[in-house]
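Chemist: This is input-v4.pdb, which holds PDB, N, CA and C atoms, pLDDT in the B column:
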```pdb
ATOM      1  N   MET B 250      -0.087  16.643   4.965  1.00 51.00           N
ATOM      2  CA  MET B 250       1.075  17.484   5.136  1.00 51.00           C
ATOM      3  C   MET B 250       2.309  16.600   5.243  1.00 51.00           C
ATOM      4  N   SER B 251       3.383  16.999   4.573  1.00 57.00           N
ATOM      5  CA  SER B 251       4.612  16.218   4.559  1.00 57.00           C
ATOM      6  C   SER B 251       5.490  16.575   5.747  1.00 57.00           C
ATOM      7  N   HIS B 252       6.245  15.618   6.230  1.00 65.00           N
ATOM      8  CA  HIS B 252       7.167  15.882   7.324  1.00 65.00           C
ATOM      9  C   HIS B 252       8.572  16.180   6.809  1.00 65.00           C
ATOM     10  N   PHE B 253       8.735  16.327   5.476  1.00 61.00           N
ATOM     11  CA  PHE B 253      10.027  16.672   4.892  1.00 61.00           C
ATOM     12  C   PHE B 253      10.100  18.175   4.647  1.00 61.00           C
ATOM     13  N   SER B 254      11.291  18.732   4.785  1.00 68.00           N
ATOM     14  CA  SER B 254      11.472  20.145   4.478  1.00 68.00           C
ATOM     15  C   SER B 254      11.583  20.305   2.963  1.00 68.00           C
ATOM     16  N   THR B 255      11.546  21.541   2.482  1.00 74.00           N
ATOM     17  CA  THR B 255      11.596  21.799   1.047  1.00 74.00           C
ATOM     18  C   THR B 255      12.861  21.242   0.395  1.00 74.00           C
ATOM     19  N   PRO B 256      14.084  21.440   0.957  1.00 73.00           N
ATOM     20  CA  PRO B 256      15.263  20.840   0.325  1.00 73.00           C
ATOM     21  C   PRO B 256      15.199  19.306   0.298  1.00 73.00           C
ATOM     22  N   GLU B 257      14.644  18.709   1.356  1.00 72.00           N
ATOM     23  CA  GLU B 257      14.521  17.249   1.377  1.00 72.00           C
ATOM     24  C   GLU B 257      13.523  16.781   0.321  1.00 72.00           C
ATOM     25  N   GLN B 258      12.446  17.540   0.131  1.00 70.00           N
ATOM     26  CA  GLN B 258      11.464  17.176  -0.885  1.00 70.00           C
ATOM     27  C   GLN B 258      12.093  17.239  -2.270  1.00 70.00           C
ATOM     28  N   ALA B 259      12.907  18.260  -2.516  1.00 71.00           N
ATOM     29  CA  ALA B 259      13.569  18.396  -3.809  1.00 71.00           C
ATOM     30  C   ALA B 259      14.539  17.247  -4.039  1.00 71.00           C
ATOM     31  N   ALA B 260      15.265  16.840  -2.996  1.00 71.00           N
ATOM     32  CA  ALA B 260      16.208  15.730  -3.124  1.00 71.00           C
ATOM     33  C   ALA B 260      15.467  14.428  -3.396  1.00 71.00           C
ATOM     34  N   LEU B 261      14.339  14.212  -2.723  1.00 69.00           N
ATOM     35  CA  LEU B 261      13.570  12.989  -2.945  1.00 69.00           C
ATOM     36  C   LEU B 261      12.978  12.957  -4.352  1.00 69.00           C
ATOM     37  N   ALA B 262      12.540  14.110  -4.839  1.00 72.00           N
ATOM     38  CA  ALA B 262      11.959  14.171  -6.173  1.00 72.00           C
ATOM     39  C   ALA B 262      13.013  13.925  -7.244  1.00 72.00           C
ATOM     40  N   ALA B 263      14.273  14.229  -6.952  1.00 76.00           N
ATOM     41  CA  ALA B 263      15.344  14.068  -7.924  1.00 76.00           C
ATOM     42  C   ALA B 263      15.823  12.626  -8.033  1.00 76.00           C
ATOM     43  N   VAL B 264      15.475  11.780  -7.079  1.00 78.00           N
ATOM     44  CA  VAL B 264      15.930  10.393  -7.097  1.00 78.00           C
ATOM     45  C   VAL B 264      15.144   9.613  -8.148  1.00 78.00           C
ATOM     46  N   GLN B 265      15.859   9.008  -9.071  1.00 83.00           N
ATOM     47  CA  GLN B 265      15.242   8.178 -10.098  1.00 83.00           C
ATOM     48  C   GLN B 265      15.944   6.826 -10.092  1.00 83.00           C
ATOM     49  N   LEU B 266      15.185   5.759  -9.913  1.00 82.00           N
ATOM     50  CA  LEU B 266      15.752   4.414  -9.908  1.00 82.00           C
ATOM     51  C   LEU B 266      15.462   3.725 -11.227  1.00 82.00           C
ATOM     52  N   THR B 267      16.440   2.941 -11.687  1.00 87.00           N
ATOM     53  CA  THR B 267      16.194   2.114 -12.867  1.00 87.00           C
ATOM     54  C   THR B 267      15.447   0.864 -12.411  1.00 87.00           C
ATOM     55  N   ASP B 268      14.878   0.131 -13.331  1.00 88.00           N
ATOM     56  CA  ASP B 268      14.159  -1.091 -12.974  1.00 88.00           C
ATOM     57  C   ASP B 268      15.087  -2.106 -12.305  1.00 88.00           C
ATOM     58  N   ASP B 269      16.374  -2.115 -12.668  1.00 90.00           N
ATOM     59  CA  ASP B 269      17.333  -3.032 -12.050  1.00 90.00           C
ATOM     60  C   ASP B 269      17.578  -2.698 -10.584  1.00 90.00           C
ATOM     61  N   GLU B 270      17.414  -1.430 -10.195  1.00 89.00           N
ATOM     62  CA  GLU B 270      17.660  -1.000  -8.820  1.00 89.00           C
ATOM     63  C   GLU B 270      16.442  -1.179  -7.915  1.00 89.00           C
ATOM     64  N   ARG B 271      15.291  -1.402  -8.509  1.00 87.00           N
ATOM     65  CA  ARG B 271      14.065  -1.538  -7.727  1.00 87.00           C
ATOM     66  C   ARG B 271      13.950  -2.944  -7.153  1.00 87.00           C
ATOM     67  N   GLN B 272      13.214  -3.067  -6.053  1.00 89.00           N
ATOM     68  CA  GLN B 272      12.929  -4.379  -5.483  1.00 89.00           C
ATOM     69  C   GLN B 272      11.438  -4.467  -5.194  1.00 89.00           C
ATOM     70  N   PRO B 273      10.876  -5.663  -5.244  1.00 87.00           N
ATOM     71  CA  PRO B 273       9.441  -5.784  -5.020  1.00 87.00           C
ATOM     72  C   PRO B 273       9.057  -5.454  -3.587  1.00 87.00           C
ATOM     73  N   CYS B 274       7.888  -4.889  -3.448  1.00 90.00           N
ATOM     74  CA  CYS B 274       7.351  -4.556  -2.137  1.00 90.00           C
ATOM     75  C   CYS B 274       6.384  -5.666  -1.736  1.00 90.00           C
ATOM     76  N   GLU B 275       6.579  -6.227  -0.546  1.00 93.00           N
ATOM     77  CA  GLU B 275       5.692  -7.285  -0.079  1.00 93.00           C
ATOM     78  C   GLU B 275       4.465  -6.643   0.569  1.00 93.00           C
ATOM     79  N   VAL B 276       3.293  -6.975   0.057  1.00 90.00           N
ATOM     80  CA  VAL B 276       2.041  -6.412   0.553  1.00 90.00           C
ATOM     81  C   VAL B 276       1.371  -7.438   1.464  1.00 90.00           C
ATOM     82  N   TRP B 277       0.996  -6.998   2.663  1.00 91.00           N
ATOM     83  CA  TRP B 277       0.300  -7.849   3.623  1.00 91.00           C
ATOM     84  C   TRP B 277      -1.100  -7.305   3.825  1.00 91.00           C
ATOM     85  N   THR B 278      -2.023  -8.180   4.155  1.00 88.00           N
ATOM     86  CA  THR B 278      -3.386  -7.773   4.441  1.00 88.00           C
ATOM     87  C   THR B 278      -3.946  -8.636   5.569  1.00 88.00           C
ATOM     88  N   ARG B 279      -4.980  -8.153   6.210  1.00 86.00           N
ATOM     89  CA  ARG B 279      -5.589  -8.901   7.308  1.00 86.00           C
ATOM     90  C   ARG B 279      -6.666  -9.821   6.750  1.00 86.00           C
ATOM     91  N   VAL B 280      -6.566 -11.097   7.083  1.00 76.00           N
ATOM     92  CA  VAL B 280      -7.521 -12.093   6.629  1.00 76.00           C
ATOM     93  C   VAL B 280      -7.970 -12.905   7.835  1.00 76.00           C
ATOM     94  N   MET B 281      -9.262 -12.928   8.103  1.00 79.00           N
ATOM     95  CA  MET B 281      -9.821 -13.733   9.182  1.00 79.00           C
ATOM     96  C   MET B 281      -9.112 -13.485  10.518  1.00 79.00           C
ATOM     97  N   GLY B 282      -8.779 -12.233  10.798  1.00 86.00           N
ATOM     98  CA  GLY B 282      -8.226 -11.874  12.094  1.00 86.00           C
ATOM     99  C   GLY B 282      -6.724 -11.947  12.220  1.00 86.00           C
ATOM    100  N   TYR B 283      -6.014 -12.334  11.178  1.00 89.00           N
ATOM    101  CA  TYR B 283      -4.558 -12.344  11.240  1.00 89.00           C
ATOM    102  C   TYR B 283      -3.983 -11.817   9.921  1.00 89.00           C
ATOM    103  N   HIS B 284      -2.725 -11.468   9.918  1.00 92.00           N
ATOM    104  CA  HIS B 284      -2.091 -10.866   8.740  1.00 92.00           C
ATOM    105  C   HIS B 284      -1.347 -11.910   7.918  1.00 92.00           C
ATOM    106  N   ARG B 285      -1.462 -11.784   6.587  1.00 91.00           N
ATOM    107  CA  ARG B 285      -0.784 -12.688   5.658  1.00 91.00           C
ATOM    108  C   ARG B 285      -0.287 -11.893   4.469  1.00 91.00           C
ATOM    109  N   PRO B 286       0.829 -12.330   3.855  1.00 92.00           N
ATOM    110  CA  PRO B 286       1.273 -11.677   2.623  1.00 92.00           C
ATOM    111  C   PRO B 286       0.341 -12.045   1.467  1.00 92.00           C
ATOM    112  N   VAL B 287       0.025 -11.073   0.643  1.00 90.00           N
ATOM    113  CA  VAL B 287      -0.876 -11.294  -0.486  1.00 90.00           C
ATOM    114  C   VAL B 287      -0.259 -12.297  -1.470  1.00 90.00           C
ATOM    115  N   ALA B 288       1.061 -12.339  -1.560  1.00 90.00           N
ATOM    116  CA  ALA B 288       1.727 -13.263  -2.483  1.00 90.00           C
ATOM    117  C   ALA B 288       1.444 -14.720  -2.134  1.00 90.00           C
ATOM    118  N   SER B 289       1.065 -15.007  -0.884  1.00 90.00           N
ATOM    119  CA  SER B 289       0.783 -16.387  -0.496  1.00 90.00           C
ATOM    120  C   SER B 289      -0.647 -16.796  -0.827  1.00 90.00           C
ATOM    121  N   PHE B 290      -1.476 -15.863  -1.304  1.00 90.00           N
ATOM    122  CA  PHE B 290      -2.853 -16.176  -1.665  1.00 90.00           C
ATOM    123  C   PHE B 290      -2.880 -17.026  -2.935  1.00 90.00           C
ATOM    124  N   ASN B 291      -3.961 -17.809  -3.090  1.00 91.00           N
ATOM    125  CA  ASN B 291      -4.134 -18.515  -4.358  1.00 91.00           C
ATOM    126  C   ASN B 291      -4.607 -17.518  -5.410  1.00 91.00           C
ATOM    127  N   THR B 292      -4.684 -17.956  -6.659  1.00 93.00           N
ATOM    128  CA  THR B 292      -4.993 -17.055  -7.771  1.00 93.00           C
ATOM    129  C   THR B 292      -6.339 -16.351  -7.577  1.00 93.00           C
ATOM    130  N   GLY B 293      -7.346 -17.085  -7.139  1.00 92.00           N
ATOM    131  CA  GLY B 293      -8.665 -16.482  -6.952  1.00 92.00           C
ATOM    132  C   GLY B 293      -8.681 -15.420  -5.875  1.00 92.00           C
ATOM    133  N   LYS B 294      -8.024 -15.692  -4.748  1.00 89.00           N
ATOM    134  CA  LYS B 294      -7.980 -14.722  -3.647  1.00 89.00           C
ATOM    135  C   LYS B 294      -7.165 -13.491  -4.052  1.00 89.00           C
ATOM    136  N   GLN B 295      -6.089 -13.670  -4.832  1.00 91.00           N
ATOM    137  CA  GLN B 295      -5.318 -12.515  -5.312  1.00 91.00           C
ATOM    138  C   GLN B 295      -6.192 -11.644  -6.217  1.00 91.00           C
ATOM    139  N   GLY B 296      -7.038 -12.286  -7.036  1.00 93.00           N
ATOM    140  CA  GLY B 296      -7.959 -11.532  -7.886  1.00 93.00           C
ATOM    141  C   GLY B 296      -8.958 -10.744  -7.065  1.00 93.00           C
ATOM    142  N   GLU B 297      -9.494 -11.371  -6.008  1.00 91.00           N
ATOM    143  CA  GLU B 297     -10.426 -10.661  -5.127  1.00 91.00           C
ATOM    144  C   GLU B 297      -9.745  -9.470  -4.461  1.00 91.00           C
ATOM    145  N   HIS B 298      -8.496  -9.655  -4.043  1.00 89.00           N
ATOM    146  CA  HIS B 298      -7.754  -8.568  -3.406  1.00 89.00           C
ATOM    147  C   HIS B 298      -7.560  -7.408  -4.378  1.00 89.00           C
ATOM    148  N   ALA B 299      -7.274  -7.712  -5.641  1.00 91.00           N
ATOM    149  CA  ALA B 299      -7.070  -6.660  -6.649  1.00 91.00           C
ATOM    150  C   ALA B 299      -8.344  -5.876  -6.921  1.00 91.00           C
ATOM    151  N   GLU B 300      -9.512  -6.490  -6.703  1.00 92.00           N
ATOM    152  CA  GLU B 300     -10.790  -5.825  -6.970  1.00 92.00           C
ATOM    153  C   GLU B 300     -11.306  -5.013  -5.790  1.00 92.00           C
ATOM    154  N   ARG B 301     -10.620  -5.026  -4.670  1.00 89.00           N
ATOM    155  CA  ARG B 301     -11.083  -4.280  -3.493  1.00 89.00           C
ATOM    156  C   ARG B 301     -11.172  -2.790  -3.798  1.00 89.00           C
ATOM    157  N   ARG B 302     -12.165  -2.157  -3.201  1.00 88.00           N
ATOM    158  CA  ARG B 302     -12.342  -0.713  -3.343  1.00 88.00           C
ATOM    159  C   ARG B 302     -12.153  -0.078  -1.978  1.00 88.00           C
ATOM    160  N   PHE B 303     -11.474   1.041  -1.955  1.00 84.00           N
ATOM    161  CA  PHE B 303     -11.218   1.756  -0.714  1.00 84.00           C
ATOM    162  C   PHE B 303     -12.056   3.025  -0.683  1.00 84.00           C
ATOM    163  N   PHE B 304     -12.424   3.448   0.491  1.00 85.00           N
ATOM    164  CA  PHE B 304     -13.235   4.647   0.617  1.00 85.00           C
ATOM    165  C   PHE B 304     -12.789   5.419   1.846  1.00 85.00           C
ATOM    166  N   ALA B 305     -13.143   6.697   1.851  1.00 87.00           N
ATOM    167  CA  ALA B 305     -12.883   7.564   3.004  1.00 87.00           C
ATOM    168  C   ALA B 305     -14.233   7.968   3.572  1.00 87.00           C
ATOM    169  N   GLU B 306     -14.445   7.677   4.818  1.00 87.00           N
ATOM    170  CA  GLU B 306     -15.709   7.998   5.458  1.00 87.00           C
ATOM    171  C   GLU B 306     -15.794   9.502   5.685  1.00 87.00           C
ATOM    172  N   GLN B 307     -16.946  10.090   5.352  1.00 87.00           N
ATOM    173  CA  GLN B 307     -17.152  11.525   5.512  1.00 87.00           C
ATOM    174  C   GLN B 307     -17.446  11.839   6.974  1.00 87.00           C
ATOM    175  N   ARG B 308     -16.894  12.949   7.454  1.00 86.00           N
ATOM    176  CA  ARG B 308     -17.212  13.409   8.801  1.00 86.00           C
ATOM    177  C   ARG B 308     -18.634  13.956   8.824  1.00 86.00           C
ATOM    178  N   PRO B 309     -19.363  13.675   9.894  1.00 85.00           N
ATOM    179  CA  PRO B 309     -20.725  14.236   9.988  1.00 85.00           C
ATOM    180  C   PRO B 309     -20.655  15.751  10.183  1.00 85.00           C
ATOM    181  N   THR B 310     -21.568  16.433   9.576  1.00 82.00           N
ATOM    182  CA  THR B 310     -21.604  17.897   9.735  1.00 82.00           C
ATOM    183  C   THR B 310     -22.233  18.229  11.082  1.00 82.00           C
ATOM    184  N   PRO B 311     -21.627  19.171  11.802  1.00 75.00           N
ATOM    185  CA  PRO B 311     -22.162  19.525  13.129  1.00 75.00           C
ATOM    186  C   PRO B 311     -23.464  20.270  13.069  1.00 75.00           C
TER     187      PRO B 311
END
```
Please go through the file and, once you have read it, give me the structure as structure tokens.
Modeler:
Amino acid sequence: MSHFSTPEQAALAAVQLTDDERQPCEVWTRVMGYHRPVASFNTGKQGEHAERRFFAEQRPTP
């Protein structure tokens, strides 16, 4: 569920940025108990990070 109202959702949907207006997003991940930016990983570790799979655990049925 979104915390934006309908007019706010419409305004957000109308915003279009050109590639010149965009900026890179720094992605951090937890490695060996502490957080590091993925950009600081070596090539092999960045490849491993790209191959990660995410899942949602199912709730047990009562």
Chemist: Pick out each residue of chain B that DSSP on the backbone tags as helix (DSSP H, G or I); I need them as a list in words.
Modeler: Thr255, Pro256, Glu257, Gln258, Ala259, Ala260, Leu261, Ala262, Ala263, Val287, Ala288, Ser289, Thr292, Gly293, Lys294, Gln295, Gly296, Glu297, His298 and Ala299 of chain B
Chemist: Would you write out those residues with N, CA and C atoms, as a tab-separated table (two decimals), in the coordinates of the input?
Modeler:
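File written: out_9.tsv
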```tsv
chain	number	residue	atom	x	y	z
B	255	THR	N	11.55	21.54	2.48
B	255	THR	CA	11.60	21.80	1.05
B	255	THR	C	12.86	21.24	0.40
B	256	PRO	N	14.08	21.44	0.96
B	256	PRO	CA	15.26	20.84	0.32
B	256	PRO	C	15.20	19.31	0.30
B	257	GLU	N	14.64	18.71	1.36
B	257	GLU	CA	14.52	17.25	1.38
B	257	GLU	C	13.52	16.78	0.32
B	258	GLN	N	12.45	17.54	0.13
B	258	GLN	CA	11.46	17.18	-0.88
B	258	GLN	C	12.09	17.24	-2.27
B	259	ALA	N	12.91	18.26	-2.52
B	259	ALA	CA	13.57	18.40	-3.81
B	259	ALA	C	14.54	17.25	-4.04
B	260	ALA	N	15.26	16.84	-3.00
B	260	ALA	CA	16.21	15.73	-3.12
B	260	ALA	C	15.47	14.43	-3.40
B	261	LEU	N	14.34	14.21	-2.72
B	261	LEU	CA	13.57	12.99	-2.94
B	261	LEU	C	12.98	12.96	-4.35
B	262	ALA	N	12.54	14.11	-4.84
B	262	ALA	CA	11.96	14.17	-6.17
B	262	ALA	C	13.01	13.92	-7.24
B	263	ALA	N	14.27	14.23	-6.95
B	263	ALA	CA	15.34	14.07	-7.92
B	263	ALA	C	15.82	12.63	-8.03
B	287	VAL	N	0.02	-11.07	0.64
B	287	VAL	CA	-0.88	-11.29	-0.49
B	287	VAL	C	-0.26	-12.30	-1.47
B	288	ALA	N	1.06	-12.34	-1.56
B	288	ALA	CA	1.73	-13.26	-2.48
B	288	ALA	C	1.44	-14.72	-2.13
B	289	SER	N	1.06	-15.01	-0.88
B	289	SER	CA	0.78	-16.39	-0.50
B	289	SER	C	-0.65	-16.80	-0.83
B	292	THR	N	-4.68	-17.96	-6.66
B	292	THR	CA	-4.99	-17.06	-7.77
B	292	THR	C	-6.34	-16.35	-7.58
B	293	GLY	N	-7.35	-17.08	-7.14
B	293	GLY	CA	-8.66	-16.48	-6.95
B	293	GLY	C	-8.68	-15.42	-5.88
B	294	LYS	N	-8.02	-15.69	-4.75
B	294	LYS	CA	-7.98	-14.72	-3.65
B	294	LYS	C	-7.16	-13.49	-4.05
B	295	GLN	N	-6.09	-13.67	-4.83
B	295	GLN	CA	-5.32	-12.52	-5.31
B	295	GLN	C	-6.19	-11.64	-6.22
B	296	GLY	N	-7.04	-12.29	-7.04
B	296	GLY	CA	-7.96	-11.53	-7.89
B	296	GLY	C	-8.96	-10.74	-7.06
B	297	GLU	N	-9.49	-11.37	-6.01
B	297	GLU	CA	-10.43	-10.66	-5.13
B	297	GLU	C	-9.74	-9.47	-4.46
B	298	HIS	N	-8.50	-9.65	-4.04
B	298	HIS	CA	-7.75	-8.57	-3.41
B	298	HIS	C	-7.56	-7.41	-4.38
B	299	ALA	N	-7.27	-7.71	-5.64
B	299	ALA	CA	-7.07	-6.66	-6.65
B	299	ALA	C	-8.34	-5.88	-6.92
```
Chemist: Run the PyMOL selection byres ((chain B and resi 286-299) around 7) mentally over the shown coordinates, then write out the matched residues as a list in words, using the chain letters and numbers from the document.
Modeler: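 Going through the file, the PyMOL selection byres ((chain B and resi 286-299) around 7) ends up selecting Glu275, Val276, Trp277, Thr278, His284, Arg285, Glu300, Arg301 and Arg302 of chain B.
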Chemist: Padding 5 Å on each side, edges along x, y and z: where is the centre of the box around the listed atoms of range 285-296 of chain B, and how long are its edges in Å to one decimal? Output it as JSON.
Modeler:
```
{"center_x": -3.6, "center_y": -14.6, "center_z": -0.6, "size_x": 20.7, "size_y": 17.8, "size_z": 24.5}
```
Chemist: Using DSSP secondary structure from the backbone, list all strand (DSSP E or B) positions within range 257-300 of chain B, as a PyMOL selection string.
Modeler: chain B and resi 277-280+283-286
Chemist: What is the distance, in Å and to one decimal place, between atom N of Val280 in chain B and atom N of Phe304 in chain B?
Modeler: 17.0 Å
Chemist: Starting from the structure just given, write a file holding chain B with C-alpha atoms, as an mmCIF file, in the first residue's frame.
Modeler:
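Saved the output as decode_33.cif:
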```cif
data_model
loop_
_atom_site.group_PDB
_atom_site.id
_atom_site.type_symbol
_atom_site.label_atom_id
_atom_site.label_comp_id
_atom_site.auth_asym_id
_atom_site.auth_seq_id
_atom_site.Cartn_x
_atom_site.Cartn_y
_atom_site.Cartn_z
ATOM 1 C CA MET B 250 0.000 0.000 0.000
ATOM 2 C CA SER B 251 1.308 3.445 -0.929
ATOM 3 C CA HIS B 252 1.543 6.304 1.533
ATOM 4 C CA PHE B 253 0.869 8.863 -1.245
ATOM 5 C CA SER B 254 -2.577 10.252 -1.968
ATOM 6 C CA THR B 255 -4.087 9.977 -5.455
ATOM 7 C CA PRO B 256 -3.079 13.536 -6.556
ATOM 8 C CA GLU B 257 0.462 12.919 -5.277
ATOM 9 C CA GLN B 258 0.612 9.620 -7.165
ATOM 10 C CA ALA B 259 -0.476 11.373 -10.362
ATOM 11 C CA ALA B 260 2.175 14.073 -9.876
ATOM 12 C CA LEU B 261 4.891 11.472 -9.278
ATOM 13 C CA ALA B 262 3.836 9.498 -12.345
ATOM 14 C CA ALA B 263 4.028 12.658 -14.470
ATOM 15 C CA VAL B 264 7.669 13.334 -13.565
ATOM 16 C CA GLN B 265 10.003 12.301 -16.370
ATOM 17 C CA LEU B 266 13.759 12.828 -16.084
ATOM 18 C CA THR B 267 16.181 12.923 -18.977
ATOM 19 C CA ASP B 268 19.377 10.888 -18.713
ATOM 20 C CA ASP B 269 21.295 14.147 -18.083
ATOM 21 C CA GLU B 270 19.132 14.847 -14.999
ATOM 22 C CA ARG B 271 19.606 11.403 -13.477
ATOM 23 C CA GLN B 272 22.346 10.533 -11.000
ATOM 24 C CA PRO B 273 23.712 7.121 -10.078
ATOM 25 C CA CYS B 274 22.355 5.381 -7.026
ATOM 26 C CA GLU B 275 24.987 3.970 -4.677
ATOM 27 C CA VAL B 276 24.070 0.417 -3.664
ATOM 28 C CA TRP B 277 25.370 -0.957 -0.356
ATOM 29 C CA THR B 278 25.240 -4.524 0.879
ATOM 30 C CA ARG B 279 26.237 -6.380 4.027
ATOM 31 C CA VAL B 280 29.444 -8.379 3.710
ATOM 32 C CA MET B 281 30.965 -10.368 6.578
ATOM 33 C CA GLY B 282 28.996 -8.445 9.206
ATOM 34 C CA TYR B 283 29.520 -4.901 7.952
ATOM 35 C CA HIS B 284 28.160 -2.741 5.125
ATOM 36 C CA ARG B 285 30.115 -1.801 1.991
ATOM 37 C CA PRO B 286 29.241 -0.108 -1.301
ATOM 38 C CA VAL B 287 28.975 -2.603 -4.154
ATOM 39 C CA ALA B 288 31.039 -0.250 -6.356
ATOM 40 C CA SER B 289 34.073 -0.959 -4.144
ATOM 41 C CA PHE B 290 33.891 -4.705 -4.892
ATOM 42 C CA ASN B 291 36.333 -6.292 -7.319
ATOM 43 C CA THR B 292 35.010 -7.540 -10.667
ATOM 44 C CA GLY B 293 34.385 -11.092 -9.453
ATOM 45 C CA LYS B 294 32.493 -10.027 -6.326
ATOM 46 C CA GLN B 295 30.371 -7.575 -8.379
ATOM 47 C CA GLY B 296 29.481 -10.496 -10.669
ATOM 48 C CA GLU B 297 28.485 -12.627 -7.680
ATOM 49 C CA HIS B 298 26.336 -9.772 -6.369
ATOM 50 C CA ALA B 299 24.567 -9.468 -9.746
ATOM 51 C CA GLU B 300 23.727 -13.199 -9.669
ATOM 52 C CA ARG B 301 22.037 -13.086 -6.249
ATOM 53 C CA ARG B 302 18.461 -14.318 -6.103
ATOM 54 C CA PHE B 303 15.892 -12.895 -3.727
ATOM 55 C CA PHE B 304 12.937 -14.744 -2.293
ATOM 56 C CA ALA B 305 9.926 -14.116 -0.087
ATOM 57 C CA GLU B 306 9.376 -16.638 2.658
ATOM 58 C CA GLN B 307 5.842 -18.064 2.732
ATOM 59 C CA ARG B 308 3.823 -17.742 5.924
ATOM 60 C CA PRO B 309 2.930 -21.092 7.474
ATOM 61 C CA THR B 310 -0.722 -21.993 7.173
ATOM 62 C CA PRO B 311 -2.492 -22.154 10.537
#
```
